[in-house]
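What follows is the content of input24.cif, which has mmCIF, C-alpha atoms and all ligand atoms:
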```cif
data_entry
loop_
_atom_site.label_atom_id
_atom_site.label_comp_id
_atom_site.auth_asym_id
_atom_site.auth_seq_id
_atom_site.Cartn_x
_atom_site.Cartn_y
_atom_site.Cartn_z
CA MET A 1 12.39 3.82 20.17
CA THR A 2 16.03 3.40 21.04
CA GLU A 3 17.40 6.85 20.37
CA THR A 4 16.10 10.08 18.96
CA LEU A 5 17.06 10.89 15.43
CA ASP A 6 18.82 14.22 14.98
CA ILE A 7 16.59 15.88 12.38
CA LYS A 8 17.27 19.39 11.10
CA ILE A 9 13.88 21.05 10.61
CA THR A 10 13.37 23.97 8.23
CA LYS A 11 9.75 25.12 8.42
CA THR A 12 7.93 26.68 5.52
CA THR A 13 7.28 30.42 5.72
CA ASN A 14 4.43 30.04 3.26
CA SER A 15 2.01 27.30 4.34
CA ARG A 16 -0.44 26.13 1.67
CA LEU A 17 -2.85 24.80 4.31
CA SER A 18 -5.37 27.65 4.22
CA GLN A 19 -5.59 27.51 0.38
CA THR A 20 -6.23 23.75 0.33
CA ASP A 21 -9.79 22.59 -0.28
CA PHE A 22 -10.25 19.68 2.12
CA SER A 23 -13.65 18.88 0.61
CA ASN A 24 -11.94 17.95 -2.67
CA LEU A 25 -8.89 15.75 -2.18
CA PRO A 26 -7.98 13.77 -5.31
CA PHE A 27 -5.71 10.88 -4.26
CA GLY A 28 -2.00 11.65 -4.26
CA LYS A 29 -2.11 15.06 -5.90
CA ILE A 30 -2.03 17.39 -2.92
CA PHE A 31 1.08 17.40 -0.78
CA SER A 32 1.40 18.73 2.74
CA ASP A 33 3.82 21.56 3.56
CA HIS A 34 6.89 19.49 4.40
CA MET A 35 8.87 16.40 3.43
CA PHE A 36 11.55 14.32 5.10
CA VAL A 37 14.83 13.74 3.23
CA ALA A 38 17.91 11.66 4.11
CA ASP A 39 20.98 10.64 2.14
CA TYR A 40 22.92 7.41 1.99
CA ALA A 41 26.62 7.74 1.19
CA ASP A 42 29.90 6.26 2.44
CA GLY A 43 27.99 3.29 3.80
CA GLU A 44 25.66 5.21 6.15
CA TRP A 45 22.45 7.19 6.40
CA LYS A 46 22.98 10.89 7.12
CA ASN A 47 21.65 14.46 6.64
CA PHE A 48 18.26 13.85 8.25
CA GLN A 49 16.14 16.84 7.35
CA ILE A 50 12.58 18.05 7.21
CA VAL A 51 12.24 20.79 4.61
CA PRO A 52 9.38 22.52 2.76
CA TYR A 53 7.91 20.29 0.03
CA ALA A 54 9.70 21.38 -3.16
CA GLU A 55 11.49 20.16 -6.24
CA ILE A 56 14.86 18.51 -5.71
CA GLY A 57 17.75 18.96 -8.09
CA LEU A 58 19.15 15.72 -9.53
CA THR A 59 21.26 14.83 -12.54
CA PRO A 60 19.47 12.99 -15.38
CA ALA A 61 22.11 10.27 -15.02
CA ILE A 62 20.83 8.94 -11.64
CA SER A 63 20.71 5.19 -11.86
CA ALA A 64 17.16 4.91 -10.45
CA LEU A 65 15.88 6.40 -13.72
CA HIS A 66 17.82 3.96 -15.91
CA TYR A 67 17.87 0.68 -14.02
CA GLY A 68 14.96 0.88 -11.64
CA GLN A 69 16.58 0.82 -8.22
CA ALA A 70 13.54 2.45 -6.68
CA PHE A 71 10.77 1.29 -4.37
CA PHE A 72 8.21 2.70 -1.98
CA GLU A 73 5.87 2.12 0.93
CA GLY A 74 2.40 3.39 1.73
CA LEU A 75 0.79 3.86 5.14
CA LYS A 76 -1.65 6.27 6.75
CA ALA A 77 -2.06 8.62 9.69
CA TYR A 78 -5.53 9.10 11.19
CA LYS A 79 -7.03 11.90 13.25
CA HIS A 80 -9.09 10.73 16.22
CA ALA A 81 -12.20 12.53 17.51
CA ASP A 82 -10.23 13.81 20.52
CA GLY A 83 -7.56 15.32 18.23
CA LYS A 84 -4.98 12.59 18.84
CA VAL A 85 -3.07 11.27 15.84
CA SER A 86 -2.04 7.71 15.08
CA VAL A 87 -0.15 5.90 12.33
CA PHE A 88 -1.34 2.37 11.56
CA ARG A 89 1.24 -0.43 12.08
CA PRO A 90 4.35 1.44 10.82
CA ASP A 91 6.59 -1.37 12.10
CA LYS A 92 5.13 -3.68 9.42
CA ASN A 93 5.94 -1.16 6.70
CA ALA A 94 9.46 -0.70 8.07
CA GLU A 95 9.95 -4.47 7.85
CA ARG A 96 8.65 -4.66 4.28
CA PHE A 97 10.69 -1.59 3.31
CA ASN A 98 13.82 -3.54 4.11
CA LYS A 99 12.62 -6.63 2.23
CA SER A 100 12.21 -4.47 -0.86
CA ALA A 101 15.62 -2.87 -0.30
CA GLU A 102 17.30 -6.25 0.00
CA ARG A 103 15.69 -7.56 -3.21
CA LEU A 104 16.86 -4.51 -5.14
CA CYS A 105 20.39 -4.59 -3.72
CA MET A 106 19.78 -1.32 -1.87
CA PRO A 107 20.88 -0.43 1.67
CA GLU A 108 18.89 -1.32 4.74
CA LEU A 109 17.18 1.56 6.52
CA PRO A 110 17.06 0.96 10.29
CA GLU A 111 13.50 0.72 11.63
CA GLU A 112 14.12 3.64 14.03
CA ILE A 113 14.95 5.94 11.12
CA PHE A 114 11.87 4.82 9.17
CA ILE A 115 9.51 5.31 12.10
CA GLN A 116 11.05 8.45 13.57
CA SER A 117 11.16 10.23 10.23
CA ILE A 118 7.45 9.53 9.76
CA ALA A 119 6.61 10.48 13.34
CA ALA A 120 8.47 13.82 13.09
CA LEU A 121 6.95 14.69 9.71
CA VAL A 122 3.39 13.76 10.66
CA ASP A 123 3.75 15.66 13.93
CA LEU A 124 4.90 18.82 12.12
CA ASP A 125 2.15 18.57 9.48
CA ARG A 126 -0.56 17.25 11.81
CA ASN A 127 -2.97 19.99 10.72
CA TRP A 128 -2.89 18.42 7.26
CA ILE A 129 -4.63 15.27 8.49
CA PRO A 130 -8.26 15.56 7.36
CA ALA A 131 -10.82 15.08 10.12
CA GLN A 132 -13.73 13.87 7.95
CA ALA A 133 -14.92 10.25 7.96
CA ASN A 134 -12.92 7.92 5.65
CA HIS A 135 -10.16 10.50 5.28
CA SER A 136 -6.55 10.28 6.37
CA LEU A 137 -3.02 11.44 5.64
CA TYR A 138 -1.38 9.06 3.16
CA ILE A 139 2.33 8.64 3.89
CA ARG A 140 4.68 7.74 1.05
CA PRO A 141 8.23 6.77 2.09
CA PHE A 142 10.51 5.80 -0.81
CA MET A 143 14.14 5.15 -1.68
CA PHE A 144 15.99 5.52 -4.96
CA ALA A 145 19.50 5.28 -6.39
CA THR A 146 21.32 8.54 -7.06
CA ASP A 147 24.73 7.60 -8.50
CA PRO A 148 25.34 9.56 -11.73
CA PHE A 149 26.56 6.41 -13.49
CA LEU A 150 25.35 4.74 -16.70
CA GLY A 151 26.62 1.31 -15.76
CA VAL A 152 24.38 -1.50 -14.57
CA ALA A 153 25.52 -1.89 -10.99
CA PRO A 154 24.09 -1.16 -7.56
CA SER A 155 24.41 2.54 -6.75
CA LEU A 156 26.61 3.61 -3.87
CA THR A 157 24.39 6.58 -3.01
CA TYR A 158 20.65 6.79 -2.34
CA LYS A 159 17.96 9.13 -1.11
CA PHE A 160 15.19 8.26 1.33
CA ILE A 161 12.26 10.67 1.17
CA VAL A 162 8.87 10.77 2.87
CA LEU A 163 5.96 12.71 1.38
CA THR A 164 2.45 13.01 2.78
CA CYS A 165 -0.90 13.70 1.12
CA PRO A 166 -4.30 14.37 2.68
CA VAL A 167 -6.68 11.88 1.05
CA GLY A 168 -10.24 10.65 0.93
CA PRO A 169 -11.42 7.21 -0.25
CA TYR A 170 -9.36 5.78 -3.14
CA PHE A 171 -12.18 3.93 -4.84
CA SER A 172 -15.59 5.51 -4.70
CA LYS A 173 -17.50 2.60 -6.18
CA THR A 174 -17.89 -1.13 -6.29
CA LEU A 175 -15.25 -2.65 -8.57
CA ARG A 176 -15.66 -4.55 -11.81
CA VAL A 177 -12.56 -6.72 -11.93
CA LYS A 178 -11.05 -8.81 -14.70
CA ILE A 179 -9.17 -12.02 -14.11
CA GLU A 180 -6.06 -11.52 -16.24
CA THR A 181 -4.95 -14.67 -18.02
CA TYR A 182 -2.42 -13.32 -20.51
CA TYR A 183 -0.22 -10.69 -18.87
CA THR A 184 1.86 -11.45 -15.78
CA ARG A 185 2.68 -9.17 -12.86
CA ALA A 186 5.28 -11.35 -11.17
CA ALA A 187 6.88 -14.76 -11.53
CA GLU A 188 8.52 -17.05 -8.99
CA GLY A 189 12.04 -15.81 -8.43
CA GLY A 190 11.02 -12.31 -9.52
CA MET A 191 10.27 -9.31 -7.34
CA GLY A 192 6.50 -9.47 -6.86
CA TYR A 193 6.92 -9.35 -3.07
CA ALA A 194 8.84 -6.04 -3.26
CA LYS A 195 7.08 -2.68 -3.60
CA SER A 196 9.48 -1.87 -6.39
CA ALA A 197 8.65 0.89 -8.87
CA GLY A 198 9.16 -1.43 -11.86
CA ASN A 199 6.32 -3.74 -10.81
CA TYR A 200 3.86 -0.89 -11.30
CA GLY A 201 5.29 0.28 -14.62
CA GLY A 202 4.84 -3.23 -15.98
CA ALA A 203 1.23 -3.35 -14.83
CA MET A 204 0.14 -0.19 -16.61
CA LEU A 205 -0.45 -1.57 -20.10
CA PRO A 206 -2.52 -4.58 -18.96
CA SER A 207 -4.46 -2.28 -16.61
CA ARG A 208 -5.16 0.19 -19.39
CA LYS A 209 -6.41 -2.61 -21.62
CA ALA A 210 -8.69 -3.82 -18.85
CA VAL A 211 -10.05 -0.29 -18.39
CA GLU A 212 -10.71 -0.08 -22.14
CA GLU A 213 -12.76 -3.26 -21.77
CA GLY A 214 -14.80 -1.56 -19.03
CA PHE A 215 -13.11 -2.97 -15.93
CA ASP A 216 -11.74 -1.01 -12.96
CA GLN A 217 -9.03 -3.42 -11.85
CA ILE A 218 -7.17 -6.58 -12.74
CA ILE A 219 -6.96 -9.72 -10.67
CA TRP A 220 -3.56 -11.16 -11.54
CA THR A 221 -3.00 -14.88 -11.90
CA ASP A 222 0.15 -16.99 -11.60
CA ALA A 223 2.77 -16.59 -14.33
CA LYS A 224 3.10 -20.32 -15.11
CA GLU A 225 -0.44 -21.42 -15.81
CA HIS A 226 -2.70 -18.40 -15.22
CA LYS A 227 -4.88 -20.74 -13.17
CA TYR A 228 -4.38 -19.39 -9.66
CA ILE A 229 -5.44 -16.05 -8.20
CA GLU A 230 -2.62 -13.74 -7.09
CA GLU A 231 -3.69 -10.19 -6.20
CA MET A 232 -5.41 -7.03 -7.40
CA GLY A 233 -3.79 -3.77 -8.56
CA ALA A 234 -2.27 -2.47 -5.35
CA ALA A 235 -4.43 -4.54 -3.04
CA ASN A 236 -4.53 -8.16 -1.89
CA ALA A 237 -7.44 -10.30 -3.03
CA MET A 238 -9.65 -11.66 -0.26
CA PHE A 239 -12.78 -13.81 -0.55
CA VAL A 240 -15.38 -15.42 1.64
CA LEU A 241 -16.09 -18.78 0.06
CA ASP A 242 -18.25 -21.42 1.70
CA GLY A 243 -18.10 -19.59 5.03
CA LYS A 244 -14.30 -19.26 5.12
CA LEU A 245 -12.06 -16.27 4.58
CA ILE A 246 -9.56 -17.20 1.88
CA THR A 247 -6.62 -15.29 0.43
CA PRO A 248 -3.77 -16.49 -1.79
CA SER A 249 -0.66 -17.96 -0.23
CA THR A 250 2.38 -15.67 -0.42
CA ASP A 251 4.87 -18.57 -0.27
CA GLU A 252 5.93 -18.24 -3.91
CA ASN A 253 7.11 -14.65 -3.25
CA THR A 254 5.06 -13.35 -6.17
CA ILE A 255 2.57 -11.45 -4.01
CA LEU A 256 3.06 -8.30 -1.97
CA LYS A 257 2.41 -9.20 1.67
CA GLY A 258 -0.12 -6.56 2.61
CA VAL A 259 -0.45 -5.08 6.06
CA THR A 260 -4.19 -4.68 5.49
CA CYS A 261 -4.56 -8.34 4.45
CA ASN A 262 -2.65 -9.44 7.54
CA THR A 263 -4.88 -7.18 9.67
CA VAL A 264 -8.09 -8.61 8.16
CA MET A 265 -6.89 -12.20 8.75
CA THR A 266 -6.05 -11.33 12.36
CA LEU A 267 -9.50 -9.81 12.94
CA ALA A 268 -11.17 -12.87 11.40
CA ARG A 269 -9.19 -15.19 13.69
CA ASP A 270 -10.12 -13.00 16.68
CA TRP A 271 -13.76 -13.59 15.76
CA GLY A 272 -13.29 -17.32 15.35
CA PHE A 273 -13.98 -17.02 11.62
CA PRO A 274 -12.16 -19.75 9.65
CA VAL A 275 -9.16 -18.39 7.70
CA GLU A 276 -7.27 -20.15 4.93
CA GLN A 277 -4.22 -18.78 3.18
CA ARG A 278 -3.55 -21.12 0.27
CA ARG A 279 -3.47 -21.40 -3.49
CA ILE A 280 -6.87 -20.41 -4.86
CA SER A 281 -7.81 -21.51 -8.33
CA VAL A 282 -9.69 -19.29 -10.73
CA ALA A 283 -12.05 -22.23 -11.29
CA GLU A 284 -13.18 -22.37 -7.66
CA ILE A 285 -13.82 -18.61 -7.54
CA ILE A 286 -15.88 -18.75 -10.72
CA GLU A 287 -17.73 -21.83 -9.43
CA GLY A 288 -18.45 -19.98 -6.15
CA ALA A 289 -19.71 -16.94 -8.04
CA LYS A 290 -22.05 -19.21 -10.02
CA ASN A 291 -23.43 -21.27 -7.15
CA GLY A 292 -23.67 -18.42 -4.63
CA LYS A 293 -21.04 -19.77 -2.20
CA LEU A 294 -18.78 -16.81 -2.92
CA THR A 295 -20.46 -14.41 -0.51
CA ASP A 296 -17.77 -11.75 -0.32
CA ALA A 297 -14.85 -10.52 -2.44
CA PHE A 298 -12.71 -7.46 -1.87
CA GLY A 299 -9.33 -5.89 -2.34
CA ALA A 300 -7.45 -5.09 0.88
CA GLY A 301 -4.81 -2.36 0.86
CA THR A 302 -3.77 0.81 2.64
CA ALA A 303 -4.83 3.11 -0.18
CA ALA A 304 -7.88 1.06 -1.21
CA THR A 305 -8.82 0.04 2.39
CA ILE A 306 -11.56 -2.56 1.81
CA ALA A 307 -12.63 -2.22 -1.83
CA PRO A 308 -15.65 -4.41 -2.62
CA VAL A 309 -15.69 -6.40 -5.85
CA GLY A 310 -19.08 -6.13 -7.53
CA SER A 311 -18.44 -8.40 -10.49
CA ILE A 312 -15.72 -10.64 -11.88
CA GLY A 313 -14.92 -10.89 -15.58
CA HIS A 314 -13.36 -14.09 -16.90
CA ASP A 315 -13.10 -15.54 -20.41
CA GLY A 316 -15.62 -13.11 -21.83
CA GLU A 317 -18.22 -13.76 -19.11
CA GLU A 318 -19.08 -11.48 -16.21
CA TYR A 319 -20.18 -12.91 -12.86
CA PHE A 320 -22.12 -10.62 -10.53
CA LEU A 321 -21.81 -10.83 -6.75
CA SER A 322 -24.18 -9.66 -3.98
CA ASP A 323 -24.72 -5.99 -3.13
CA PRO A 324 -21.67 -4.98 -1.00
CA LYS A 325 -23.91 -3.26 1.58
CA THR A 326 -25.46 -6.63 2.40
CA ARG A 327 -22.15 -8.46 2.89
CA GLU A 328 -21.73 -9.37 6.52
CA PHE A 329 -18.01 -10.07 6.59
CA SER A 330 -16.52 -7.09 4.79
CA GLN A 331 -18.98 -4.69 6.45
CA LYS A 332 -17.90 -5.95 9.87
CA VAL A 333 -14.21 -5.68 8.90
CA LEU A 334 -14.64 -2.13 7.68
CA LYS A 335 -16.51 -1.07 10.81
CA THR A 336 -13.99 -2.70 13.14
CA LEU A 337 -10.98 -1.33 11.27
CA ASP A 338 -12.39 2.19 11.20
CA GLY A 339 -13.17 1.96 14.91
CA ILE A 340 -9.57 1.08 15.70
CA ARG A 341 -7.90 3.49 13.28
CA TYR A 342 -9.97 6.51 14.27
CA GLY A 343 -9.65 5.71 17.98
CA ASN A 344 -13.33 4.88 18.56
CA ALA A 345 -12.78 1.24 19.53
CA PRO A 346 -10.25 -0.65 21.65
CA ASP A 347 -6.96 -1.52 19.93
CA PRO A 348 -6.14 -4.88 21.53
CA HIS A 349 -3.23 -5.66 19.19
CA GLY A 350 -1.55 -2.25 19.69
CA TRP A 351 -1.76 -1.39 15.99
CA ASN A 352 -2.03 2.38 16.47
CA TYR A 353 1.35 4.11 16.80
CA MET A 354 0.50 7.35 18.60
CA ILE A 355 2.24 10.51 17.40
C1 LIG A 401 0.77 -1.95 -1.41
C2 LIG A 401 0.24 -3.15 -2.09
C3 LIG A 401 -0.68 -4.02 -1.47
C4 LIG A 401 -1.34 -3.72 -0.14
O1 LIG A 401 -0.46 -3.65 0.92
P1 LIG A 401 -0.87 -2.85 2.23
O2 LIG A 401 0.30 -3.04 3.12
O3 LIG A 401 -2.10 -3.47 2.77
O4 LIG A 401 -1.08 -1.44 1.83
C5 LIG A 401 -1.04 -5.19 -2.14
N1 LIG A 401 -0.53 -5.47 -3.35
C6 LIG A 401 0.32 -4.65 -3.98
C7 LIG A 401 0.84 -5.03 -5.32
C8 LIG A 401 0.72 -3.46 -3.37
O5 LIG A 401 1.54 -2.64 -4.01
#
```

What's the structure tokens form of this structure?
Ligand SMILES: *Cc1c(COP(=O)(O)O)cnc(C)c1O
Amino acid sequence: MTETLDIKITKTTNSRLSQTDFSNLPFGKIFSDHMFVADYADGEWKNFQIVPYAEIGLTPAISALHYGQAFFEGLKAYKHADGKVSVFRPDKNAERFNKSAERLCMPELPEEIFIQSIAALVDLDRNWIPAQANHSLYIRPFMFATDPFLGVAPSLTYKFIVLTCPVGPYFSKTLRVKIETYYTRAAEGGMGYAKSAGNYGGAMLPSRKAVEEGFDQIIWTDAKEHKYIEEMGAANAMFVLDGKLITPSTDENTILKGVTCNTVMTLARDWGFPVEQRRISVAEIIEGAKNGKLTDAFGAGTAATIAPVGSIGHDGEEYFLSDPKTREFSQKVLKTLDGIRYGNAPDPHGWNYMI
């Protein structure tokens, strides 16, 4: 950290902590006591504040609501057995935050502001981090345009806010996924690599249709031919095929470059496990599911962590994979990741940012 951010802190006089049932934490519905807020105006970030979580007054004309200049990040804080608190790889999220900002013609947020705002907020609300296994504090930084102007142009003013939510596991079961070959999430030249709000709005109808067909998630394919695997919901698609870890190439800028996916690839390389990041055809995944060479398949993401795929639907057929509990690779990844994040194993890459 270069310098310390001057944050004005107003603490709540009415904490909701004691009324919160930590044994029942639906994802993203329970917010901790405080939030971080900053404003962008006159070409700079200012008014750094931590205030009680509450509604914020805004005019209905703000351009984020009309033209979609809005994006977010997602990361997590973990409580260790000794009471210490860490945030997992926040520098990677800071980097991606600015890639999203650039794509949406929004201002850069210096990495120190991103990380120090999170550190100060998590520190203040550290009692909100659940201590149970598989639980954490989900951190949601986001930025949106606030000019009251109904013209299509980049806003001159913005807000940066950070919210936090105590959470348990996002998916509680093995996933039935559908390979989507009609709808498109992102095309080359589009904004698939940005965590922009609009990407998720556009995914809701196809996702709802998939759910109506009995699936839990979509695996997106490329916009041109629908022949190559892209990613899953809000997680990157990872497979073990013929003894190699494979995940789609992000070179076309249609895929969100996940921190979790990068972490899994790094662990695999540490273990000497072959890793390939390349175009993956739907045909080879289906072939692998049929002949048994597809021994592992999962979504990798901060919210989802490692979400095992139980079966893959394609062209009206459903292909069943092995029982996730028997899968060597993803079980080892999960165990290693948990060990690092909860402070029970060495952290050789320095991924834990201690608060
Ligand atoms: C957030 C997200 C991911 C996963 O990224 P992580 O950094 O691992 O959380 C993957 N795909 C999409 C579309 C996402 O929004």

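Closest approach to Ala307 of chain A among A:Pro248, A:Pro154, A:Pro324, A:Pro274 is made by A:Pro324 (distances from all atoms listed in the file).
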
When you look at Ile50 of chain A with a cut-off of 10 Å (counting only C-alpha atoms), what residues show up, excluding the ones that are within fewer than 3 positions of it in the same chain? I need them as a count of residues only.
19

Selection: 10 Å around segment 64-70 of chain A, all atoms listed in the file, excl. self and same-chain fewer than 4 positions, as a PyMOL selection string
chain A and resi 60+100-101+103-106+142-155+158-159+195-199

Resulting file, chosen residues, C-alpha atoms, as a PDB file, keeping the file's coordinate frame:
```pdb
ATOM      1  CA  PRO A  60      19.470  12.990 -15.380  1.00  0.00           C
ATOM      2  CA  SER A 100      12.210  -4.470  -0.860  1.00  0.00           C
ATOM      3  CA  ALA A 101      15.620  -2.870  -0.300  1.00  0.00           C
ATOM      4  CA  ARG A 103      15.690  -7.560  -3.210  1.00  0.00           C
ATOM      5  CA  LEU A 104      16.860  -4.510  -5.140  1.00  0.00           C
ATOM      6  CA  CYS A 105      20.390  -4.590  -3.720  1.00  0.00           C
ATOM      7  CA  MET A 106      19.780  -1.320  -1.870  1.00  0.00           C
ATOM      8  CA  PHE A 142      10.510   5.800  -0.810  1.00  0.00           C
ATOM      9  CA  MET A 143      14.140   5.150  -1.680  1.00  0.00           C
ATOM     10  CA  PHE A 144      15.990   5.520  -4.960  1.00  0.00           C
ATOM     11  CA  ALA A 145      19.500   5.280  -6.390  1.00  0.00           C
ATOM     12  CA  THR A 146      21.320   8.540  -7.060  1.00  0.00           C
ATOM     13  CA  ASP A 147      24.730   7.600  -8.500  1.00  0.00           C
ATOM     14  CA  PRO A 148      25.340   9.560 -11.730  1.00  0.00           C
ATOM     15  CA  PHE A 149      26.560   6.410 -13.490  1.00  0.00           C
ATOM     16  CA  LEU A 150      25.350   4.740 -16.700  1.00  0.00           C
ATOM     17  CA  GLY A 151      26.620   1.310 -15.760  1.00  0.00           C
ATOM     18  CA  VAL A 152      24.380  -1.500 -14.570  1.00  0.00           C
ATOM     19  CA  ALA A 153      25.520  -1.890 -10.990  1.00  0.00           C
ATOM     20  CA  PRO A 154      24.090  -1.160  -7.560  1.00  0.00           C
ATOM     21  CA  SER A 155      24.410   2.540  -6.750  1.00  0.00           C
ATOM     22  CA  TYR A 158      20.650   6.790  -2.340  1.00  0.00           C
ATOM     23  CA  LYS A 159      17.960   9.130  -1.110  1.00  0.00           C
ATOM     24  CA  LYS A 195       7.080  -2.680  -3.600  1.00  0.00           C
ATOM     25  CA  SER A 196       9.480  -1.870  -6.390  1.00  0.00           C
ATOM     26  CA  ALA A 197       8.650   0.890  -8.870  1.00  0.00           C
ATOM     27  CA  GLY A 198       9.160  -1.430 -11.860  1.00  0.00           C
ATOM     28  CA  ASN A 199       6.320  -3.740 -10.810  1.00  0.00           C
TER      29      ASN A 199
END
```

Point-to-point distance in Å for atom CA of Met265 of chain A and atom CA of Thr174 of chain A
21.7 Å

Around the point (-20.3, -6.3, -9.9), in the coordinates given by the file, pick out the residues reaching within 9 Å, counting all atoms listed in the file, and return them as number ranges by chain.
A: 174-177, 308-312, 318-323

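Every residue having at least one atom no farther than 6 Å from ligand LIG 401 (chain A) is included below, with all atoms listed in the file taken into account: Gly74, Lys195, Gly233, Ala234, Ala235, Asn236, Leu256, Gly258, Val259, Thr260, Cys261, Ala300, Gly301 and Thr302 of chain A.
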
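Residue nearest Pro166 of chain A, chosen from A:Ile118, A:Met232, A:Ala345, A:Ala131 and counting all atoms listed in the file: A:Ala131.
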
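If all atoms listed in the file are the atoms counted, then among A:Thr263, A:Ser86, A:Thr157, A:Gln19 the closest residue to Asn352 of chain A is A:Ser86.
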
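Using all atoms listed in the file for every distance, the candidate list A:Ile129, A:Ala186, A:Ala77, A:Ala194 yields A:Ala77 as the residue closest to Trp351 of chain A.
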